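First up is the structure itself, then whatever we jot down about it.
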Amino acid sequence: MRFYIGCSGWNHETWLGRFYPNSLPNAKWLEYYTSVFDYVEIDSTFYKIPRREMPIRWASNTPANFCFTAKFPQVVTHDTRLGGGLEGLEKYFNAMKPLGNKLLCLLMQLPPSLKKDEGLPKLERLVPSLWKKYRYAIEVRHDSWFHKDVYELLRRHNICLTWSQLDTIQTPPEITADFIYLRLMGDGSSDGKDSGSVQKDRVKEMERWARLAKNVPSRVKFGIVAANDNYAGFGPATANTFKKMLGMKDNLTDF
C-alpha cells in the first residue's frame with residue numbers, strides 16, 4: 001500500500017532556517033517542499049475558495065507524482081454546519097478541477113460543537129451534492145460521532161473517517177473507505193511563534209498509529225498522513241519521523 005506523508009500546509013514563515021533555507025523567497029517554498037515530500041494538505045481552501053488560477057499553479061508547479069488534499073470551505077462545514085452553502089460548494093468543486101489526479105481527497109473538517117444528532121442527518125442530505133469524481137474524508141471533533149450509524153453511512157458512500165490525533169479527542173481507527181487519512185494535529189494552542197523545532201515527545205503515540213496504518217486490510221488502497229506544527233512543534237520533523245516508522249525513504253537529515 002502506498003502512503004502519502006507530508007504536512008498541513010507549506011507556507012510557514014517559522015520554517016525559514018529550519019526547513020527552508022533562509023534566503024529562499026516565498027515563491028519558491030512549494031517547489032522546495034516538493035523536493036522533500038510528495039504530499040501536502042491545503043488549509044487555505046477552508047478560509048477562501050481559490051480562484052481557478054491557483055489550483056492550476058499548484059498543479060503546474062509540482063512534480064507529476066506530487067499529491068494534495070484540501071479542506072472544504074467553511075461556509076459548508078462551519079457557517080451552515082453542513083446545512084447549506086451549496087452554491088459555494090459547486091464553485092469549490094469547479095475550482096479544484098485543475099488538480100486532477102493529484103487531488104487525493106477533499107476533507108470536511110467539522111466544528112467541535114457539531115454533534116452527531118445535529119450533523120448526521122445534514123450529512124446524509126449533503127451526500128447527493130458531492131461530486132463523484134472526488135474522494136472525501138470527514139474529520140469529526142465531538143465523540144458523539146463515534147457510533148456504528150455514522151460508520152455505516154460513511155462506508156456506504158466510501159467516505160473516510162479521518163483518524164485525528166488531538167489532545168482533546170482521539171478518533172477510533174475505524175476504516176470506512178478504500179483509503180485512510182491520519183491527521184496528527186495536537187492541541188491547536190500554538191500561535192506559531194514557537195514552531196520550527198520539536199517541543200513534545202510524541203513517539204509512542206506515533207508508533208501506535210504507524211502499527212495501525214501498516215496493518216490495514218488489503219482493500220485499503222492508500223494512506224494519507226498530515227502533520228501539523230501543533231502536534232509536536234514542527235510538522236516536517238513529525239512527517240519525517242513517521243515516514244521512517246513506516247520504513248519509507250528519508251529525504252531529510254534529523255531535526
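Just so we're on the same page: first chain in the C-alpha cells is A, next is B, and so on; residues restart at 1 for each chain, and ligands are numbered from 1 in the order they show up.
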Can you tell me, as JSON, numbers by chain, what residues are no more than 12 Å from Arg211 of chain A when counting only C-alpha atoms, ignoring any on the same chain fewer than 6 positions away?
-> {"A": [173, 204, 205, 242, 245, 246, 247]}
Surrounding residues of Phe68 of chain A excluding itself and chain neighbours under 6 positions, 6 Å, only C-alpha atoms, as a list in words = Tyr39, Val40, Glu41, Lys102, Leu103 and Leu104 of chain A
Can you list every residue in segment 7-157 of chain A that DSSP puts in helix (DSSP H, G or I), as a PyMOL selection string?
-> chain A and resi 13-15+26-34+44-47+53-60+74-79+86-102+116-129+143-145+148-156
Which polymer residues have any atom within 10 Å of an atom of Leu86 of chain A, counting only C-alpha atoms, with same-chain residues fewer than 6 positions away left out, as an MDAnalysis selection string?
-> chainID A and resid 75:76 80 92 126 129:130
Please give the complete set of residues from segment 7-253 of chain A that DSSP, run on the backbone, assigns to strand (DSSP E or B), formatted as a PDB file with N, CA and C atoms, in the first residue's frame.
```
ATOM      1  N   CYS A   7       2.809  17.532   5.327  1.00  0.00           N
ATOM      2  CA  CYS A   7       2.440  18.487   6.371  1.00  0.00           C
ATOM      3  C   CYS A   7       1.120  19.182   6.065  1.00  0.00           C
ATOM      4  N   SER A   8       0.600  19.834   7.081  1.00  0.00           N
ATOM      5  CA  SER A   8      -0.578  20.681   6.920  1.00  0.00           C
ATOM      6  C   SER A   8      -0.099  22.049   6.445  1.00  0.00           C
ATOM      7  N   LEU A  16      11.527  28.933   8.043  1.00  0.00           N
ATOM      8  CA  LEU A  16      12.737  29.530   7.462  1.00  0.00           C
ATOM      9  C   LEU A  16      13.923  29.289   8.385  1.00  0.00           C
ATOM     10  N   TYR A  20      13.197  25.535   5.275  1.00  0.00           N
ATOM     11  CA  TYR A  20      13.571  26.311   4.097  1.00  0.00           C
ATOM     12  C   TYR A  20      14.871  27.067   4.353  1.00  0.00           C
ATOM     13  N   TYR A  39       3.514  15.018  -0.774  1.00  0.00           N
ATOM     14  CA  TYR A  39       2.119  15.311  -0.443  1.00  0.00           C
ATOM     15  C   TYR A  39       2.048  16.508   0.495  1.00  0.00           C
ATOM     16  N   VAL A  40       0.956  17.300   0.362  1.00  0.00           N
ATOM     17  CA  VAL A  40       0.684  18.379   1.310  1.00  0.00           C
ATOM     18  C   VAL A  40      -0.822  18.557   1.440  1.00  0.00           C
ATOM     19  N   GLU A  41      -1.259  18.973   2.624  1.00  0.00           N
ATOM     20  CA  GLU A  41      -2.662  19.292   2.878  1.00  0.00           C
ATOM     21  C   GLU A  41      -2.848  20.798   2.722  1.00  0.00           C
ATOM     22  N   ILE A  42      -3.819  21.186   1.900  1.00  0.00           N
ATOM     23  CA  ILE A  42      -4.099  22.602   1.670  1.00  0.00           C
ATOM     24  C   ILE A  42      -5.106  23.083   2.708  1.00  0.00           C
ATOM     25  N   CYS A  67       1.035  15.015  -4.660  1.00  0.00           N
ATOM     26  CA  CYS A  67      -0.409  14.990  -4.428  1.00  0.00           C
ATOM     27  C   CYS A  67      -0.838  15.956  -3.331  1.00  0.00           C
ATOM     28  N   PHE A  68      -2.132  16.266  -3.336  1.00  0.00           N
ATOM     29  CA  PHE A  68      -2.728  17.202  -2.395  1.00  0.00           C
ATOM     30  C   PHE A  68      -3.989  16.598  -1.771  1.00  0.00           C
ATOM     31  N   THR A  69      -4.329  17.093  -0.590  1.00  0.00           N
ATOM     32  CA  THR A  69      -5.694  17.061  -0.094  1.00  0.00           C
ATOM     33  C   THR A  69      -6.048  18.513   0.203  1.00  0.00           C
ATOM     34  N   ALA A  70      -7.342  18.810   0.293  1.00  0.00           N
ATOM     35  CA  ALA A  70      -7.762  20.191   0.516  1.00  0.00           C
ATOM     36  C   ALA A  70      -9.005  20.215   1.397  1.00  0.00           C
ATOM     37  N   LYS A  71      -9.060  21.184   2.296  1.00  0.00           N
ATOM     38  CA  LYS A  71     -10.201  21.319   3.190  1.00  0.00           C
ATOM     39  C   LYS A  71     -11.407  21.908   2.465  1.00  0.00           C
ATOM     40  N   LEU A 103      -5.188  15.331  -6.764  1.00  0.00           N
ATOM     41  CA  LEU A 103      -6.047  15.573  -5.609  1.00  0.00           C
ATOM     42  C   LEU A 103      -6.512  14.238  -5.030  1.00  0.00           C
ATOM     43  N   LEU A 104      -5.951  13.859  -3.898  1.00  0.00           N
ATOM     44  CA  LEU A 104      -6.270  12.569  -3.291  1.00  0.00           C
ATOM     45  C   LEU A 104      -7.680  12.540  -2.716  1.00  0.00           C
ATOM     46  N   CYS A 105      -8.057  13.611  -2.012  1.00  0.00           N
ATOM     47  CA  CYS A 105      -9.403  13.690  -1.468  1.00  0.00           C
ATOM     48  C   CYS A 105      -9.667  15.103  -0.975  1.00  0.00           C
ATOM     49  N   LEU A 106     -10.934  15.367  -0.668  1.00  0.00           N
ATOM     50  CA  LEU A 106     -11.360  16.626  -0.069  1.00  0.00           C
ATOM     51  C   LEU A 106     -11.795  16.348   1.367  1.00  0.00           C
ATOM     52  N   LEU A 107     -11.396  17.227   2.274  1.00  0.00           N
ATOM     53  CA  LEU A 107     -11.571  16.992   3.702  1.00  0.00           C
ATOM     54  C   LEU A 107     -12.646  17.904   4.296  1.00  0.00           C
ATOM     55  N   MET A 108     -13.678  17.284   4.875  1.00  0.00           N
ATOM     56  CA  MET A 108     -14.688  18.018   5.639  1.00  0.00           C
ATOM     57  C   MET A 108     -14.271  18.024   7.104  1.00  0.00           C
ATOM     58  N   GLN A 109     -13.797  19.167   7.581  1.00  0.00           N
ATOM     59  CA  GLN A 109     -13.404  19.284   8.987  1.00  0.00           C
ATOM     60  C   GLN A 109     -14.549  19.952   9.740  1.00  0.00           C
ATOM     61  N   TYR A 136     -13.654  11.643  -0.582  1.00  0.00           N
ATOM     62  CA  TYR A 136     -13.945  12.528   0.542  1.00  0.00           C
ATOM     63  C   TYR A 136     -13.519  11.895   1.858  1.00  0.00           C
ATOM     64  N   ALA A 137     -13.130  12.772   2.780  1.00  0.00           N
ATOM     65  CA  ALA A 137     -12.842  12.372   4.154  1.00  0.00           C
ATOM     66  C   ALA A 137     -13.553  13.353   5.072  1.00  0.00           C
ATOM     67  N   ILE A 138     -13.875  12.893   6.267  1.00  0.00           N
ATOM     68  CA  ILE A 138     -14.535  13.757   7.239  1.00  0.00           C
ATOM     69  C   ILE A 138     -13.805  13.662   8.568  1.00  0.00           C
ATOM     70  N   GLU A 139     -13.528  14.819   9.163  1.00  0.00           N
ATOM     71  CA  GLU A 139     -12.915  14.863  10.489  1.00  0.00           C
ATOM     72  C   GLU A 139     -13.960  15.380  11.468  1.00  0.00           C
ATOM     73  N   ILE A 159     -16.727   7.284   2.216  1.00  0.00           N
ATOM     74  CA  ILE A 159     -16.190   8.492   2.847  1.00  0.00           C
ATOM     75  C   ILE A 159     -15.314   8.064   4.016  1.00  0.00           C
ATOM     76  N   CYS A 160     -14.105   8.555   4.045  1.00  0.00           N
ATOM     77  CA  CYS A 160     -13.133   8.152   5.063  1.00  0.00           C
ATOM     78  C   CYS A 160     -13.367   8.896   6.377  1.00  0.00           C
ATOM     79  N   LEU A 161     -13.482   8.143   7.467  1.00  0.00           N
ATOM     80  CA  LEU A 161     -13.454   8.751   8.789  1.00  0.00           C
ATOM     81  C   LEU A 161     -11.994   9.034   9.115  1.00  0.00           C
ATOM     82  N   TRP A 163      -8.668   9.668  10.875  1.00  0.00           N
ATOM     83  CA  TRP A 163      -8.081   9.356  12.178  1.00  0.00           C
ATOM     84  C   TRP A 163      -7.382  10.617  12.676  1.00  0.00           C
ATOM     85  N   SER A 164      -7.949  11.238  13.699  1.00  0.00           N
ATOM     86  CA  SER A 164      -7.413  12.501  14.195  1.00  0.00           C
ATOM     87  C   SER A 164      -6.782  12.314  15.562  1.00  0.00           C
ATOM     88  N   GLN A 165      -5.544  12.783  15.699  1.00  0.00           N
ATOM     89  CA  GLN A 165      -4.852  12.756  16.979  1.00  0.00           C
ATOM     90  C   GLN A 165      -4.800  14.182  17.513  1.00  0.00           C
ATOM     91  N   LEU A 166      -5.819  14.508  18.325  1.00  0.00           N
ATOM     92  CA  LEU A 166      -5.883  15.792  19.005  1.00  0.00           C
ATOM     93  C   LEU A 166      -5.658  15.551  20.488  1.00  0.00           C
ATOM     94  N   GLN A 170      -9.469  11.667  20.382  1.00  0.00           N
ATOM     95  CA  GLN A 170      -8.724  10.767  19.501  1.00  0.00           C
ATOM     96  C   GLN A 170      -9.718   9.856  18.794  1.00  0.00           C
ATOM     97  N   PHE A 179      -9.397   4.111   1.568  1.00  0.00           N
ATOM     98  CA  PHE A 179      -8.141   4.757   1.941  1.00  0.00           C
ATOM     99  C   PHE A 179      -8.250   5.195   3.401  1.00  0.00           C
ATOM    100  N   ILE A 180      -7.115   5.481   4.023  1.00  0.00           N
ATOM    101  CA  ILE A 180      -7.102   6.014   5.382  1.00  0.00           C
ATOM    102  C   ILE A 180      -6.433   7.384   5.361  1.00  0.00           C
ATOM    103  N   TYR A 181      -6.796   8.208   6.338  1.00  0.00           N
ATOM    104  CA  TYR A 181      -6.293   9.579   6.411  1.00  0.00           C
ATOM    105  C   TYR A 181      -6.029   9.878   7.879  1.00  0.00           C
ATOM    106  N   LEU A 182      -4.768   9.989   8.244  1.00  0.00           N
ATOM    107  CA  LEU A 182      -4.357  10.280   9.610  1.00  0.00           C
ATOM    108  C   LEU A 182      -3.897  11.731   9.700  1.00  0.00           C
ATOM    109  N   ARG A 183      -4.482  12.476  10.635  1.00  0.00           N
ATOM    110  CA  ARG A 183      -4.087  13.876  10.853  1.00  0.00           C
ATOM    111  C   ARG A 183      -3.504  13.995  12.259  1.00  0.00           C
ATOM    112  N   LEU A 184      -2.224  14.321  12.320  1.00  0.00           N
ATOM    113  CA  LEU A 184      -1.513  14.485  13.584  1.00  0.00           C
ATOM    114  C   LEU A 184      -1.558  15.969  13.934  1.00  0.00           C
ATOM    115  N   MET A 185      -2.537  16.349  14.771  1.00  0.00           N
ATOM    116  CA  MET A 185      -2.866  17.760  14.964  1.00  0.00           C
ATOM    117  C   MET A 185      -2.447  18.348  16.305  1.00  0.00           C
ATOM    118  N   GLY A 186      -2.460  17.572  17.390  1.00  0.00           N
ATOM    119  CA  GLY A 186      -2.102  18.130  18.694  1.00  0.00           C
ATOM    120  C   GLY A 186      -3.218  18.929  19.310  1.00  0.00           C
ATOM    121  N   PHE A 222      -4.637   3.181  -0.304  1.00  0.00           N
ATOM    122  CA  PHE A 222      -3.541   4.091   0.030  1.00  0.00           C
ATOM    123  C   PHE A 222      -3.812   4.772   1.365  1.00  0.00           C
ATOM    124  N   GLY A 223      -2.770   5.365   1.920  1.00  0.00           N
ATOM    125  CA  GLY A 223      -2.883   6.079   3.179  1.00  0.00           C
ATOM    126  C   GLY A 223      -2.320   7.479   3.064  1.00  0.00           C
ATOM    127  N   ILE A 224      -2.925   8.403   3.791  1.00  0.00           N
ATOM    128  CA  ILE A 224      -2.510   9.800   3.819  1.00  0.00           C
ATOM    129  C   ILE A 224      -2.176  10.159   5.262  1.00  0.00           C
ATOM    130  N   VAL A 225      -1.063  10.865   5.471  1.00  0.00           N
ATOM    131  CA  VAL A 225      -0.694  11.324   6.807  1.00  0.00           C
ATOM    132  C   VAL A 225      -0.303  12.796   6.711  1.00  0.00           C
ATOM    133  N   ALA A 226      -0.997  13.648   7.476  1.00  0.00           N
ATOM    134  CA  ALA A 226      -0.711  15.082   7.510  1.00  0.00           C
ATOM    135  C   ALA A 226      -0.277  15.476   8.916  1.00  0.00           C
ATOM    136  N   ALA A 227       0.883  16.112   9.022  1.00  0.00           N
ATOM    137  CA  ALA A 227       1.436  16.515  10.313  1.00  0.00           C
ATOM    138  C   ALA A 227       1.370  18.026  10.466  1.00  0.00           C
TER     139      ALA A 227
END
```
Of the residues A:Trp209, A:Trp131, A:Phe3, A:Trp10, which is the one nearest to Lys97 of chain A, using only C-alpha atoms?
->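 Closest to Lys97 of chain A, using only C-alpha atoms: A:Trp131.
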Hey, what's within 7 Å of Asp187 of chain A if we count only C-alpha atoms and toss same-chain stuff fewer than 2 positions away? As number ranges by chain, please?
-> A: 166-168, 185, 189, 230-231
Just the selected residues (C-alpha atoms), exported as a CSV table (one decimal), in the first residue's frame, please.
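Output file again-v2.csv follows:
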```
chain,number,residue,atom,x,y,z
A,166,LEU,CA,-5.9,15.8,19.0
A,167,ASP,CA,-5.1,16.4,22.7
A,168,THR,CA,-8.9,16.7,23.4
A,185,MET,CA,-2.9,17.8,15.0
A,189,SER,CA,-2.8,26.0,21.1
A,230,ASN,CA,0.9,22.0,16.8
A,231,TYR,CA,1.4,18.2,17.2
```
Out of A:Arg18, A:Arg2, A:Pro73, A:Val150, which residue has the shortest atom-to-atom distance to Glu90 of chain A when counting only C-alpha atoms?
->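 Ranked by minimum distance to Glu90 of chain A, first place goes to A:Pro73.
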What lies within 12 Å of Trp15 of chain A using only C-alpha atoms, ignoring chain neighbours under 2 positions off, as an MDAnalysis selection string?
-> chainID A and resid 7 9:13 17:24 26 29 32:33 192:198 229 233:237 255
What is the distance, in Å and to one decimal place, between atom CA of Leu99 of chain A and atom CA of Ala59 of chain A?
->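 Going from atom CA of Leu99 of chain A over to atom CA of Ala59 of chain A, I get 5.4 Å.
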In Å, with one decimal, what is the gap from atom CA of Asn101 of chain A to atom CA of Lys133 of chain A?
-> 9.9 Å
Go through A:His78, A:Arg125, A:Lys148, A:Arg202 one by one, measure the shortest atom-to-atom distance of each to Phe46 of chain A using only C-alpha atoms, and give the residue with the smallest value.
->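 Checking each candidate against Phe46 of chain A, we get A:His78 as the closest.
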